[in-house]
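Text of coords_3.txt (compact mmCIF, C-alpha atoms) as supplied:
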# COMPACT_ATOMS: atom_id res chain seq x y z
CA MET O 864 9.19 -42.52 11.02
CA ASN O 865 7.85 -40.97 14.19
CA ARG O 866 5.10 -38.36 14.33
CA ARG O 867 7.49 -35.45 14.89
CA ALA O 868 9.57 -36.32 11.82
CA ALA O 869 6.43 -36.82 9.73
CA GLY O 870 5.09 -33.42 10.83
CA LEU O 871 8.40 -31.76 10.05
CA ALA O 872 8.40 -33.37 6.59
CA VAL O 873 4.91 -31.97 5.89
CA VAL O 874 5.96 -28.46 6.99
CA VAL O 875 9.13 -28.57 4.86
CA ALA O 876 7.14 -29.76 1.84
CA ALA O 877 4.62 -26.94 2.30
CA VAL O 878 7.35 -24.29 2.59
CA VAL O 879 9.14 -25.59 -0.51
CA SER O 880 5.93 -25.65 -2.57
CA VAL O 881 4.92 -22.12 -1.52
CA ALA O 882 8.43 -20.78 -2.15
CA GLY O 883 8.24 -21.89 -5.77
CA CYS O 884 4.70 -20.72 -6.51
CA GLY O 885 5.63 -17.29 -7.83
CA TYR O 886 4.30 -15.19 -4.98
CA ALA O 887 6.35 -12.15 -4.01
CA LEU O 888 5.96 -9.26 -1.64
CA ALA O 889 4.16 -6.30 -3.20
CA GLY O 890 6.66 -4.03 -4.90
CA ARG O 891 9.24 -6.82 -5.16
CA GLY O 892 8.01 -8.60 -8.30
CA ASN O 893 9.77 -8.45 -11.64
CA ALA O 894 7.79 -9.51 -14.69
CA LEU O 895 10.21 -7.88 -17.13
CA PRO O 896 11.89 -9.99 -19.82
CA ALA O 897 15.54 -10.79 -19.09
CA ASP O 898 16.76 -8.96 -22.23
CA ILE O 899 15.59 -5.60 -20.89
CA GLN O 900 18.69 -3.96 -19.43
CA VAL O 901 18.34 -0.34 -20.60
CA ILE O 902 15.10 1.54 -19.97
CA GLY O 903 14.28 4.84 -21.61
CA VAL O 904 12.30 7.37 -19.59
CA PRO O 905 11.80 10.45 -21.78
CA ALA O 906 10.25 13.60 -20.33
CA ILE O 907 6.65 13.11 -19.28
CA VAL O 908 4.20 15.20 -21.33
CA ASN O 909 2.10 17.68 -19.35
CA GLN O 910 -1.42 18.40 -20.61
CA SER O 911 -2.58 19.73 -17.22
CA SER O 912 -2.64 23.34 -16.14
CA THR O 913 -0.10 22.67 -13.37
CA PRO O 914 3.31 23.92 -14.50
CA ASP O 915 6.51 21.95 -13.85
CA ILE O 916 4.73 18.80 -12.66
CA ASP O 917 6.07 16.97 -15.72
CA ARG O 918 9.68 17.65 -14.74
CA VAL O 919 9.21 16.58 -11.14
CA LEU O 920 7.31 13.40 -12.09
CA THR O 921 9.90 12.51 -14.75
CA ASP O 922 12.74 12.87 -12.22
CA GLU O 923 10.94 10.70 -9.67
CA VAL O 924 10.03 7.99 -12.19
CA ARG O 925 13.67 7.81 -13.33
CA ARG O 926 14.81 7.63 -9.70
CA GLU O 927 12.31 4.85 -8.94
CA PHE O 928 13.43 2.78 -11.94
CA GLN O 929 17.06 3.36 -10.96
CA GLY O 930 16.25 2.07 -7.48
CA LYS O 931 15.38 -1.32 -8.98
CA GLY O 932 19.12 -1.87 -9.27
CA LYS O 933 20.10 -3.79 -12.36
CA TYR O 934 18.78 -1.42 -15.04
CA ARG O 935 20.44 1.50 -16.79
CA ILE O 936 18.01 4.42 -17.14
CA LEU O 937 18.36 6.84 -20.03
CA PRO O 938 16.36 10.02 -20.80
CA GLN O 939 15.41 9.03 -24.36
CA ALA O 940 13.05 6.68 -26.19
CA THR O 941 15.60 5.40 -28.72
CA GLY O 942 18.62 3.12 -28.33
CA VAL O 943 17.01 1.39 -25.33
CA ASP O 944 15.47 -2.03 -24.69
CA ALA O 945 12.19 -0.69 -23.28
CA VAL O 946 10.58 2.70 -22.93
CA PHE O 947 8.31 4.25 -20.30
CA THR O 948 6.06 7.05 -21.55
CA ALA O 949 3.42 9.07 -19.76
CA THR O 950 1.13 12.01 -20.39
CA ILE O 951 -0.35 13.90 -17.43
CA THR O 952 -3.96 14.55 -18.35
CA SER O 953 -5.09 16.37 -15.20
CA VAL O 954 -4.17 17.53 -11.73
CA ALA O 955 -7.09 18.47 -9.51
CA LEU O 956 -7.91 19.31 -5.91
CA ARG O 957 -10.89 17.85 -4.09
CA PRO O 958 -11.86 19.10 -0.64
CA VAL O 959 -11.99 16.14 1.76
CA ALA O 960 -12.19 17.73 5.21
CA PHE O 961 -13.60 20.93 6.67
CA ASN O 962 -12.98 22.82 9.91
CA SER O 963 -15.63 24.07 12.34
CA SER O 964 -16.07 27.24 10.22
CA ASN O 965 -16.87 25.06 7.23
CA GLN O 966 -13.63 26.03 5.47
CA VAL O 967 -11.57 23.40 3.69
CA SER O 968 -8.92 22.00 6.02
CA GLN O 969 -7.71 19.16 3.78
CA PHE O 970 -7.54 18.57 0.04
CA ALA O 971 -6.99 15.41 -1.96
CA ILE O 972 -4.59 16.08 -4.83
CA VAL O 973 -5.52 13.82 -7.75
CA THR O 974 -3.05 13.38 -10.59
CA THR O 975 -4.24 11.42 -13.63
CA ALA O 976 -2.01 10.20 -16.45
CA ASN O 977 -1.91 7.94 -19.49
CA VAL O 978 1.06 5.59 -18.93
CA GLN O 979 2.70 2.92 -21.08
CA PHE O 980 5.75 0.64 -20.78
CA LYS O 981 6.83 -0.98 -24.04
CA ASP O 982 9.39 -3.69 -24.78
CA LEU O 983 11.11 -2.44 -27.94
CA HIS O 984 12.76 -5.82 -28.74
CA GLY O 985 9.45 -7.62 -29.01
CA ASP O 986 7.53 -4.49 -30.05
CA ARG O 987 4.92 -5.25 -27.40
CA ILE O 988 3.33 -3.33 -24.59
CA ILE O 989 4.21 -4.87 -21.24
CA TRP O 990 1.96 -2.61 -19.17
CA GLN O 991 -0.32 0.32 -19.82
CA ASN O 992 -3.03 2.24 -18.07
CA PRO O 993 -4.73 5.14 -19.89
CA ALA O 994 -6.04 6.59 -16.62
CA VAL O 995 -3.58 6.06 -13.77
CA SER O 996 -4.93 8.10 -10.88
CA VAL O 997 -2.78 8.85 -7.85
CA THR O 998 -4.22 10.67 -4.85
CA ASP O 999 -2.43 12.27 -1.92
CA ASP O 1000 -3.91 14.30 0.91
CA TYR O 1001 -2.71 17.76 1.86
CA ASN O 1002 -3.56 19.63 5.06
CA VAL O 1003 -4.30 23.31 4.44
CA THR O 1004 -2.12 25.59 6.54
CA THR O 1005 -3.75 28.82 5.44
CA SER O 1006 -7.35 29.77 4.81
CA ALA O 1007 -6.42 31.66 1.60
CA VAL O 1008 -5.70 28.61 -0.60
CA PRO O 1009 -7.81 28.78 -3.76
CA ASN O 1010 -9.13 25.55 -5.26
CA ASP O 1011 -6.20 25.45 -7.69
CA PRO O 1012 -3.39 22.85 -7.68
CA THR O 1013 -0.91 25.39 -9.03
CA ALA O 1014 -1.47 27.65 -6.01
CA LEU O 1015 -1.27 24.70 -3.65
CA PHE O 1016 2.01 23.44 -5.08
CA THR O 1017 3.43 26.97 -5.03
CA GLN O 1018 2.64 27.21 -1.31
CA ASP O 1019 3.78 23.74 -0.34
CA SER O 1020 6.51 22.14 -2.41
CA ALA O 1021 6.47 19.17 -0.02
CA ALA O 1022 2.97 18.27 -1.28
CA PHE O 1023 4.29 18.48 -4.83
CA GLN O 1024 7.22 16.19 -4.01
CA ARG O 1025 5.05 13.68 -2.09
CA MET O 1026 2.69 13.43 -5.04
CA ALA O 1027 5.59 12.83 -7.44
CA GLU O 1028 7.13 10.14 -5.24
CA LYS O 1029 3.81 8.36 -4.80
CA PHE O 1030 3.08 8.52 -8.54
CA ALA O 1031 6.53 7.11 -9.41
CA ARG O 1032 6.31 4.32 -6.83
CA GLU O 1033 2.85 3.24 -8.01
CA VAL O 1034 3.53 3.23 -11.75
CA VAL O 1035 6.97 1.62 -11.55
CA THR O 1036 5.67 -1.08 -9.18
CA SER O 1037 2.84 -1.72 -11.63
CA VAL O 1038 5.32 -2.06 -14.51
CA PHE O 1039 7.47 -4.55 -12.62
CA GLU O 1040 4.54 -6.58 -11.43
CA ALA O 1041 2.76 -6.27 -14.83
CA PHE O 1042 -0.65 -5.59 -13.30
I need this file expressed as structure tokens, please.
Amino acid sequence: MNRRAAGLAVVVAAVVSVAGCGYALAGRGNALPADIQVIGVPAIVNQSSTPDIDRVLTDEVRREFQGKGKYRILPQATGVDAVFTATITSVALRPVAFNSSNQVSQFAIVTTANVQFKDLHGDRIIWQNPAVSVTDDYNVTTSAVPNDPTALFTQDSAAFQRMAEKFAREVVTSVFEAF
């Protein structure tokens, strides 16, 4: 065997061994048992002072699960193979940038939740995190924004939607990758 063929054989062997090692691109993994076909996503519980965030987060989490393709998503916790539950414990604003007049020009919106994904067939928790924290930045467009997430979301529904999408993407990816 000549050097070129030997080198090609080494490269092919390396590619084959890496392909079978279980690595996947982030967000592409699937650690769910094969018997999970129907996932229940009941309404997220809201213990924060920010109204309506539970509805928006629930809709986005359902949409994110649906985007995984092969699963049927239902809005209840019974009659399903697995169930996703979450309780929003807080939504807060933190100033992160100031303008030349020392007024807040950017906030970080921090949403914290207790999240669990449970396989009902095996009666076991596949993934849980009692303090999932998702942060998104928001540029202030007016100087009259109080330090209140409710006021912020009332003024800018896009910030509300961005937060919900980011939350859903992060928790659903975590469920599928079982981190």
Tell me, as a list in words, which residues lie within 9 Å of Leu895 of chain O, counting all atoms listed in the file; anything in the same chain fewer than 6 positions away does not count.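 These residues fall inside the cut-off: Asp982, Ile989, Val1038, Phe1039, Glu1040 and Ala1041 of chain O.
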Could you give me, as number ranges by chain, the residues within 12 Å of Gln1024 of chain O, counting all atoms listed in the file and dropping anything in the same chain fewer than 5 positions from it? O: 915-924, 972, 999, 1001, 1016-1017, 1019, 1029-1031
Return as JSON the box centre and box size in Å, one decimal, for an axis-aligned box around all listed atoms of segment 920-938 of chain O padded by 6 Å per side.
{"center_x": 13.9, "center_y": 4.8, "center_z": -14.1, "size_x": 25.1, "size_y": 29.2, "size_z": 25.3}
State, in Å with one decimal place, the distance from atom CA of Ala955 of chain O to atom CA of Ser996 of chain O. 10.7 Å
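One finds atom CA of Phe980 of chain O at 11.4 Å from atom CA of Pro993 of chain O.
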O:Asn992, O:Asn965, O:Ser1020, O:Gln900 ranked by distance to Ala949 of chain O, top pick (using only C-alpha atoms): O:Asn992
So what do you get for atom CA of Gly903 of chain O versus atom CA of Arg926 of chain O, distance-wise?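 The value is 12.2 Å.
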Spatial neighbours of Phe947 of chain O, max dist 10 Å, only C-alpha atoms, sep filter under 3 positions, as a short mmCIF file (atom, residue, chain, number, x, y, z; two decimals) with C-alpha atoms, in the frame of the given file:
data_model
loop_
_atom_site.label_atom_id
_atom_site.label_comp_id
_atom_site.auth_asym_id
_atom_site.auth_seq_id
_atom_site.Cartn_x
_atom_site.Cartn_y
_atom_site.Cartn_z
CA ILE O 902 15.10 1.54 -19.97
CA GLY O 903 14.28 4.84 -21.61
CA VAL O 904 12.30 7.37 -19.59
CA PRO O 905 11.80 10.45 -21.78
CA ALA O 906 10.25 13.60 -20.33
CA ILE O 907 6.65 13.11 -19.28
CA VAL O 924 10.03 7.99 -12.19
CA ARG O 925 13.67 7.81 -13.33
CA PHE O 928 13.43 2.78 -11.94
CA PRO O 938 16.36 10.02 -20.80
CA GLN O 939 15.41 9.03 -24.36
CA ALA O 940 13.05 6.68 -26.19
CA VAL O 978 1.06 5.59 -18.93
CA GLN O 979 2.70 2.92 -21.08
CA PHE O 980 5.75 0.64 -20.78
CA LYS O 981 6.83 -0.98 -24.04
CA ASP O 982 9.39 -3.69 -24.78
CA TRP O 990 1.96 -2.61 -19.17
CA GLN O 991 -0.32 0.32 -19.82
CA VAL O 1034 3.53 3.23 -11.75
CA VAL O 1035 6.97 1.62 -11.55
CA VAL O 1038 5.32 -2.06 -14.51
#
Using all atoms listed in the file, which residue out of O:Val973, O:Ala960, O:Ile951, O:Ala945 lies closest to Asn1002 of chain O?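 Smallest distance to Asn1002 of chain O is found for O:Ala960.
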Closest of O:Leu983, O:Val959, O:Val967, O:Ala976 to Val946 of chain O - atom-to-atom distances counting all atoms listed in the file: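 Ranking O:Leu983, O:Val959, O:Val967, O:Ala976 by distance to Val946 of chain O, first place goes to O:Leu983.
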Which is closer to Ala971 of chain O than all the others in O:Ala1022, O:Tyr934, O:Thr941, O:Thr950, using all atoms listed in the file?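 The closest residue to Ala971 of chain O is O:Ala1022.
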Go through O:Gly985, O:Gly932, O:Leu937, O:Ser964 and flag the residue nearest Pro896 of chain O, using all atoms listed in the file for the distances.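 Checking each of O:Gly985, O:Gly932, O:Leu937, O:Ser964 against Pro896 of chain O, counting all atoms listed in the file, the winner is O:Gly985.
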Please determine, counting only C-alpha atoms, which residue among O:Thr913, O:Ala897, O:Phe961, O:Lys933 has the shortest atom-to-atom distance to Thr975 of chain O.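 Ranking O:Thr913, O:Ala897, O:Phe961, O:Lys933 by distance to Thr975 of chain O, first place goes to O:Thr913.
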